[in-house]
Amino acid sequence: MVALGEFKPSDYWATHVNSIFYGIKGPEIHNHFQTYVSLDYRLAHALANDFYAQAKNQQRPENDKWRVQEWGVGNGNLAACFLSRLREIDSDEEVYPHVYYILCDESEEILKGVRANPRLQEHAGKFSTVRVHAEHLDCFRPHSVAKIITNEIWDDLATKVLLKHQGLYYEEYLCPFLKAGALPGGSDAFLEQFQNKDLEKLAEHPNFLDTIYWERDFQRVNLDDWPFAEILKAHAEEFKDEIPMPINTGAFAAIKKAKELLGPGNFGYTSFDYGMKEVKDLNQEGRPYFNLYGGQYTFMVNFPLLENIGRSLGFTEVTREYQNQFVGRDLEAEVVSLVDLVQNHPQVASMAPWDRDILMLGTLNALNTVYRSPYSGKLNYPAMEGTPKKQRKQIAQLAKNLSSRGVPDTVAYVTREEVLASLKPLRKLGYREKDIQSAFQSPAPPVSFVHIQFS
C-alpha cells in the first residue's frame with residue numbers, strides 16, 4: 001500500500017477527496033447515489049407550498065424580489081419542481097413572478113448539468129447559477145435573501161469526529177492509501193496531482209477514487225481549540241464512551257452564513273440531510289458515522305448539535321422532524337419511501353441482488369396502476385453488473401413497462417392510500433398487508449432522513 005499523504009484530521013482528508021470527486025465526476029455522481037430530490041418532486045412541492053403560504057400574506061421587499069438560494073444543487077430537479085409548483089398554485093400571480101432562484105455549487109461540472117436540465121429550462125429568466133462553496137458565500141450582500149434551502153450537503157462538508165473515553169476526548173485522524181499497483185501513471189506525479197487537487201489530470205483516472213483504502217487513528221484533543229467550544233463541550237457531556245460522534249463544523253459555517261444572508265421578513269433556512277435526530281440516536285452503539293459512495297466520503301449529521309449551534313447564532317425557532325413527516329403533513333397523508341416498502345417484503349433479505357431489482361421494478365409497476373406524477377419522465381433502470389442473462393432480460397422488460405407518469409424514482413415517497421389502492425398487484429408480488437403496515441409503522445432507525453428548519 002502507498003500512502004497518499006499523512007494522517008490528518010478527518011475533516012481535512014474527507015473534504016479533500018470530496019472536492020476531487022465532485023470536480024472530476026460531475027453529473028456522473030448521480031450514478032452513485034440518489035437523493036429524495038434527484039427525480040422525485042414531493043419534497044420540492046412541500047417546500048413550494050410552504051413558501052407560497054407564507055409569501056402571499058407578506059409584503060415583498062420594495063422594488064425587489066424574493067431571492068431563494070439553494071446551496072449544493074444536485075441535478076437541478078429540486079429547483080425545477082419548486083418553481084413549477086409555485087407557478088401552478090399561484091393563480092393570482094402574487095408570488096411566482098416575484099421569485100428569483102439562485103443555485104450555488106462549488107463544482108462547475110455540476111452547474112453545467114443543472115443548466116442543461118430541461119425541467120429547469122422552462123423557468124428561463126427565473127434562475128441563475130453561481131460557482132461558490134457553501135462555507136464561503138461572501139459574494140452575496142448580507143440580509144439579501146428570503147429563503148435558503150440545502151439538501152444533503154452537510155454530510156459532504158468539513159466534519160470532525162470526536163470520541164469520549166473515560167472523561168477524555170480523542171479526535172479521529174485519517175490517511176488515504178492505494179495499492180502500489182493501482183497508482184495511475186507515475187507514482188510521484190500522481191501523488192502530486194492528488195495532493196494539489198489537479199482536477200484536469202485526475203479526471204483521466206476517475207476510477208482510482210473507488211479504490212482508496214482509509215486508515216484511521218484517534219489522537220487526544222483539547223476542545224477549547226474547536227469552533228463553538230463551549231456549546232460543543234456541553235453537548236459532549238451527553239456522549240457515551242467509545243462511540244464516534246460526527247461534529248459537522250462545515251455545517252456550523254453554513255448555518256452562520258445563512259443567518260448573515262437572510263433578510264428581514266425571511267422564510268428561514270431549510271435543510272434536509274441524513275443523520276441522528278436525537279441524542280439517543282447519537283448514543284446508539286454500532287450505528288454508522290460515515291459512508292463511501294463511489295469514492296465520495298460522507299458523514300452522518302449530528303442534528304441535536306446543529307440545533308444548539310443555530311440557537312446560539314440567533315435563530316429563535318428551530319424545528320427537527322423526520323423528512324417523511326414533513327412531506328406527509330403537506331400531503332395530509334402518511335408517506336413512506338418506496339425503498340422502505342420494498343425492504344419490508346417478507347423474502348427481500350434472502351433474495352439475490354438481481355431478484356431484489358426485479359422485486360423493485362415489480363413494485364413500481366404495481367404502484368403505477370394508481371400513481372400519477374405531474375411530471376413526465378421514464379425511470380432508467382439498467383441491470384447491475386453480474387446479473388444472469390434470464391434475469392437481465394426480465395429486468396429490461398419490466399423497466400420498459402414503467403409508466404412515464406409513474407413513481408419517478410426508487411427514492412421517492414408514496415402514500416398509504418396509493419399503496420393500499422395497489423394491494424391486488426402487490427399481493428401477487430408476495431407482499432402481505434402486515435408487511436405494508438410494518439413499512440408505515442416501523443420506528444425510525446438511529447440514522448434517518450431528517451428535515452430541520454431555522455427561523
# chains A, B, ... in the order shown; residues from 1 in each chain; ligands from 1
$ residues_around --residues "range 229-233 of chain A" --least-positions-apart "3" --cutoff "9 Å" --atoms "only C-alpha atoms" --output "list of chain:residue names"
A:Leu223, A:Asp224, A:Asp225, A:Trp226, A:Ala236, A:Glu237, A:Ile247, A:Leu305, A:Asn308, A:Ile309, A:Ser312
$ residues_around --residues "Ser144 in chain A" --least-positions-apart "5" --cutoff "10 Å" --atoms "only C-alpha atoms" --output "PyMOL selection string"
chain A and resi 61+64-68+260-264+266
$ write_last_selection --atoms "N, CA and C atoms" --output "PDB file, in the first residue's frame"
ATOM      1  N   PRO A  61     -40.021  42.695  -0.494  1.00  0.00           N
ATOM      2  CA  PRO A  61     -39.118  43.852  -0.405  1.00  0.00           C
ATOM      3  C   PRO A  61     -39.427  44.869  -1.505  1.00  0.00           C
ATOM      4  N   ASP A  64     -38.064  44.975  -5.296  1.00  0.00           N
ATOM      5  CA  ASP A  64     -37.121  43.860  -5.231  1.00  0.00           C
ATOM      6  C   ASP A  64     -37.868  42.542  -5.384  1.00  0.00           C
ATOM      7  N   LYS A  65     -37.099  41.463  -5.356  1.00  0.00           N
ATOM      8  CA  LYS A  65     -37.684  40.129  -5.465  1.00  0.00           C
ATOM      9  C   LYS A  65     -37.376  39.324  -4.207  1.00  0.00           C
ATOM     10  N   TRP A  66     -38.136  38.265  -4.032  1.00  0.00           N
ATOM     11  CA  TRP A  66     -37.774  37.267  -3.024  1.00  0.00           C
ATOM     12  C   TRP A  66     -36.683  36.389  -3.628  1.00  0.00           C
ATOM     13  N   ARG A  67     -35.501  36.485  -3.089  1.00  0.00           N
ATOM     14  CA  ARG A  67     -34.400  35.655  -3.595  1.00  0.00           C
ATOM     15  C   ARG A  67     -34.339  34.359  -2.791  1.00  0.00           C
ATOM     16  N   VAL A  68     -34.444  33.253  -3.508  1.00  0.00           N
ATOM     17  CA  VAL A  68     -34.316  31.927  -2.906  1.00  0.00           C
ATOM     18  C   VAL A  68     -32.963  31.371  -3.315  1.00  0.00           C
ATOM     19  N   GLU A 260     -26.444  35.336   8.379  1.00  0.00           N
ATOM     20  CA  GLU A 260     -25.965  36.628   7.853  1.00  0.00           C
ATOM     21  C   GLU A 260     -26.733  37.054   6.600  1.00  0.00           C
ATOM     22  N   LEU A 261     -27.086  36.075   5.749  1.00  0.00           N
ATOM     23  CA  LEU A 261     -27.674  36.394   4.447  1.00  0.00           C
ATOM     24  C   LEU A 261     -29.177  36.620   4.500  1.00  0.00           C
ATOM     25  N   LEU A 262     -29.876  35.960   5.423  1.00  0.00           N
ATOM     26  CA  LEU A 262     -31.331  36.079   5.467  1.00  0.00           C
ATOM     27  C   LEU A 262     -31.739  37.495   5.861  1.00  0.00           C
ATOM     28  N   GLY A 263     -32.669  38.043   5.074  1.00  0.00           N
ATOM     29  CA  GLY A 263     -33.085  39.421   5.292  1.00  0.00           C
ATOM     30  C   GLY A 263     -34.296  39.539   6.201  1.00  0.00           C
ATOM     31  N   PRO A 264     -34.786  40.757   6.407  1.00  0.00           N
ATOM     32  CA  PRO A 264     -35.973  40.950   7.242  1.00  0.00           C
ATOM     33  C   PRO A 264     -37.184  40.269   6.604  1.00  0.00           C
ATOM     34  N   ASN A 266     -37.790  37.150   6.431  1.00  0.00           N
ATOM     35  CA  ASN A 266     -37.376  35.979   5.641  1.00  0.00           C
ATOM     36  C   ASN A 266     -38.194  34.744   6.011  1.00  0.00           C
TER      37      ASN A 266
END
$ closest_residue --among "A:His165, A:Lys179, A:His98, A:Lys277" --to "Asp210 in chain A" --atoms "only C-alpha atoms"
A:Lys179
$ select_by_dssp --residues "range 213-313 of chain A" --states "helix (DSSP H, G or I)" --output "NGL selection string"
:A and (223-225 or 229-236 or 249-261 or 279-282 or 303-312)
$ closest_residue --among "A:Arg141, A:His45, A:His345, A:His133" --to "Trp154 in chain A" --atoms "only C-alpha atoms"
A:His133
$ closest_residue --among "A:Tyr289, A:Tyr213, A:Phe127, A:Phe194" --to "Met245 in chain A" --atoms "only C-alpha atoms"
A:Tyr289
$ atom_distance --atom1 "CA of Asn380 in chain A" --atom2 "CA of Asp40 in chain A"
13.5 Å
$ select_by_dssp --residues "range 128-256 of chain A" --states "strand (DSSP E or B)" --output "CSV table (one decimal) with N, CA and C atoms, in the first residue's frame"
chain,number,residue,atom,x,y,z
A,128,SER,N,-30.5,31.7,-11.8
A,128,SER,CA,-29.1,31.8,-12.2
A,128,SER,C,-28.3,30.8,-11.4
A,129,THR,N,-27.1,30.5,-11.9
A,129,THR,CA,-26.2,29.6,-11.2
A,129,THR,C,-24.9,30.4,-10.8
A,130,VAL,N,-24.4,30.1,-9.6
A,130,VAL,CA,-23.2,30.8,-9.1
A,130,VAL,C,-22.2,29.7,-8.6
A,131,ARG,N,-21.0,29.8,-9.1
A,131,ARG,CA,-20.0,28.8,-8.6
A,131,ARG,C,-19.4,29.4,-7.3
A,145,VAL,N,-31.4,37.8,1.2
A,145,VAL,CA,-32.0,36.5,0.8
A,145,VAL,C,-33.3,36.2,1.6
A,147,LYS,N,-35.0,33.1,1.4
A,147,LYS,CA,-35.1,31.7,1.8
A,147,LYS,C,-33.9,30.9,1.3
A,148,ILE,N,-33.4,30.0,2.2
A,148,ILE,CA,-32.2,29.2,1.8
A,148,ILE,C,-32.6,27.8,2.0
A,149,ILE,N,-32.2,26.9,1.0
A,149,ILE,CA,-32.5,25.5,1.0
A,149,ILE,C,-31.2,24.7,0.8
A,150,THR,N,-31.0,23.7,1.6
A,150,THR,CA,-29.9,22.7,1.3
A,150,THR,C,-30.4,21.3,1.4
A,151,ASN,N,-30.0,20.5,0.5
A,151,ASN,CA,-30.4,19.1,0.5
A,151,ASN,C,-29.1,18.2,0.5
A,160,LYS,N,-15.5,16.9,11.7
A,160,LYS,CA,-14.5,16.3,12.6
A,160,LYS,C,-15.2,15.1,13.3
A,161,VAL,N,-14.5,14.2,13.9
A,161,VAL,CA,-15.0,13.1,14.6
A,161,VAL,C,-14.4,13.0,16.0
A,162,LEU,N,-15.3,12.9,17.0
A,162,LEU,CA,-14.9,13.0,18.4
A,162,LEU,C,-15.3,11.7,19.1
A,163,LEU,N,-14.4,11.3,19.9
A,163,LEU,CA,-14.7,10.1,20.7
A,163,LEU,C,-14.3,10.3,22.2
A,164,LYS,N,-15.2,10.0,23.1
A,164,LYS,CA,-15.0,10.2,24.5
A,164,LYS,C,-14.6,8.9,25.1
A,165,HIS,N,-13.6,8.9,26.0
A,165,HIS,CA,-13.1,7.7,26.7
A,165,HIS,C,-12.6,8.2,28.1
A,168,LEU,N,-11.9,11.8,28.8
A,168,LEU,CA,-11.0,12.5,27.9
A,168,LEU,C,-11.6,12.4,26.5
A,169,TYR,N,-11.1,13.3,25.6
A,169,TYR,CA,-11.6,13.4,24.2
A,169,TYR,C,-10.5,13.1,23.2
A,170,TYR,N,-10.9,12.4,22.2
A,170,TYR,CA,-10.0,12.0,21.1
A,170,TYR,C,-10.6,12.3,19.8
A,171,GLU,N,-9.7,12.8,18.9
A,171,GLU,CA,-10.2,13.2,17.5
A,171,GLU,C,-9.7,12.1,16.5
A,172,GLU,N,-10.6,11.8,15.5
A,172,GLU,CA,-10.2,10.9,14.5
A,172,GLU,C,-9.3,11.5,13.5
A,173,TYR,N,-8.2,10.8,13.1
A,173,TYR,CA,-7.3,11.1,12.0
A,173,TYR,C,-7.5,10.1,10.9
A,174,LEU,N,-7.4,10.5,9.7
A,174,LEU,CA,-7.5,9.7,8.5
A,174,LEU,C,-6.2,9.7,7.7
A,175,CYS,N,-6.0,8.6,6.9
A,175,CYS,CA,-4.9,8.7,5.9
A,175,CYS,C,-5.4,7.8,4.7
A,176,PRO,N,-5.4,8.3,3.5
A,176,PRO,CA,-5.8,7.6,2.3
A,176,PRO,C,-4.6,6.8,1.8
A,177,PHE,N,-4.9,5.5,1.4
A,177,PHE,CA,-3.9,4.6,0.8
A,177,PHE,C,-4.4,4.1,-0.5
A,178,LEU,N,-3.5,3.7,-1.4
A,178,LEU,CA,-3.8,3.0,-2.6
A,178,LEU,C,-2.8,1.8,-2.7
A,213,TYR,N,-8.2,3.2,0.2
A,213,TYR,CA,-8.4,2.5,1.4
A,213,TYR,C,-8.0,3.5,2.5
A,214,TRP,N,-8.9,3.6,3.5
A,214,TRP,CA,-8.8,4.6,4.6
A,214,TRP,C,-8.3,3.9,5.9
A,215,GLU,N,-7.2,4.4,6.4
A,215,GLU,CA,-6.8,4.0,7.7
A,215,GLU,C,-7.1,5.1,8.7
A,216,ARG,N,-7.5,4.7,9.9
A,216,ARG,CA,-7.9,5.8,10.9
A,216,ARG,C,-7.2,5.6,12.2
A,217,ASP,N,-7.1,6.7,12.9
A,217,ASP,CA,-6.4,6.7,14.2
A,217,ASP,C,-7.1,7.7,15.1
A,218,PHE,N,-7.0,7.6,16.4
A,218,PHE,CA,-7.5,8.7,17.3
A,218,PHE,C,-6.4,9.3,18.2
A,219,GLN,N,-6.4,10.6,18.2
A,219,GLN,CA,-5.4,11.3,19.0
A,219,GLN,C,-6.1,12.3,20.0
A,220,ARG,N,-5.5,12.4,21.1
A,220,ARG,CA,-6.0,13.2,22.2
A,220,ARG,C,-6.2,14.7,21.7
A,245,MET,N,-18.5,10.3,17.3
A,245,MET,CA,-19.5,11.3,17.1
A,245,MET,C,-19.1,12.3,16.0
A,246,PRO,N,-19.9,12.5,15.0
A,246,PRO,CA,-19.6,13.5,14.0
A,246,PRO,C,-19.9,14.9,14.5
A,247,ILE,N,-18.9,15.8,14.3
A,247,ILE,CA,-19.0,17.2,14.6
A,247,ILE,C,-19.0,18.0,13.3
$ decode --residues "range 66-99 of chain A" --atoms "C-alpha atoms" --output "short mmCIF file (atom, residue, chain, number, x, y, z; two decimals), in the first residue's frame"
data_model
loop_
_atom_site.label_atom_id
_atom_site.label_comp_id
_atom_site.auth_asym_id
_atom_site.auth_seq_id
_atom_site.Cartn_x
_atom_site.Cartn_y
_atom_site.Cartn_z
CA TRP A 66 -37.77 37.27 -3.02
CA ARG A 67 -34.40 35.65 -3.59
CA VAL A 68 -34.32 31.93 -2.91
CA GLN A 69 -30.89 30.31 -2.68
CA GLU A 70 -30.10 26.60 -2.92
CA TRP A 71 -26.63 25.52 -1.81
CA GLY A 72 -25.39 22.25 -3.31
CA VAL A 73 -27.74 21.83 -6.26
CA GLY A 74 -27.57 18.20 -7.40
CA ASN A 75 -29.09 17.90 -10.86
CA GLY A 76 -31.40 20.93 -10.54
CA ASN A 77 -34.58 18.90 -10.05
CA LEU A 78 -35.38 20.42 -6.64
CA ALA A 79 -35.24 23.96 -8.05
CA ALA A 80 -37.24 22.98 -11.14
CA CYS A 81 -40.04 21.29 -9.19
CA PHE A 82 -40.13 24.10 -6.60
CA LEU A 83 -40.59 26.73 -9.33
CA SER A 84 -43.08 24.61 -11.29
CA ARG A 85 -45.23 24.00 -8.23
CA LEU A 86 -45.10 27.69 -7.27
CA ARG A 87 -46.19 28.69 -10.78
CA GLU A 88 -49.03 26.14 -10.69
CA ILE A 89 -50.58 27.20 -7.36
CA ASP A 90 -50.03 30.95 -7.77
CA SER A 91 -53.14 31.58 -9.90
CA ASP A 92 -53.27 35.26 -8.89
CA GLU A 93 -49.59 35.78 -9.71
CA GLU A 94 -48.84 37.18 -6.26
CA VAL A 95 -45.65 35.18 -5.65
CA TYR A 96 -44.11 33.31 -8.61
CA PRO A 97 -43.41 36.42 -10.76
CA HIS A 98 -41.52 37.93 -7.82
CA VAL A 99 -39.27 34.95 -7.00
#
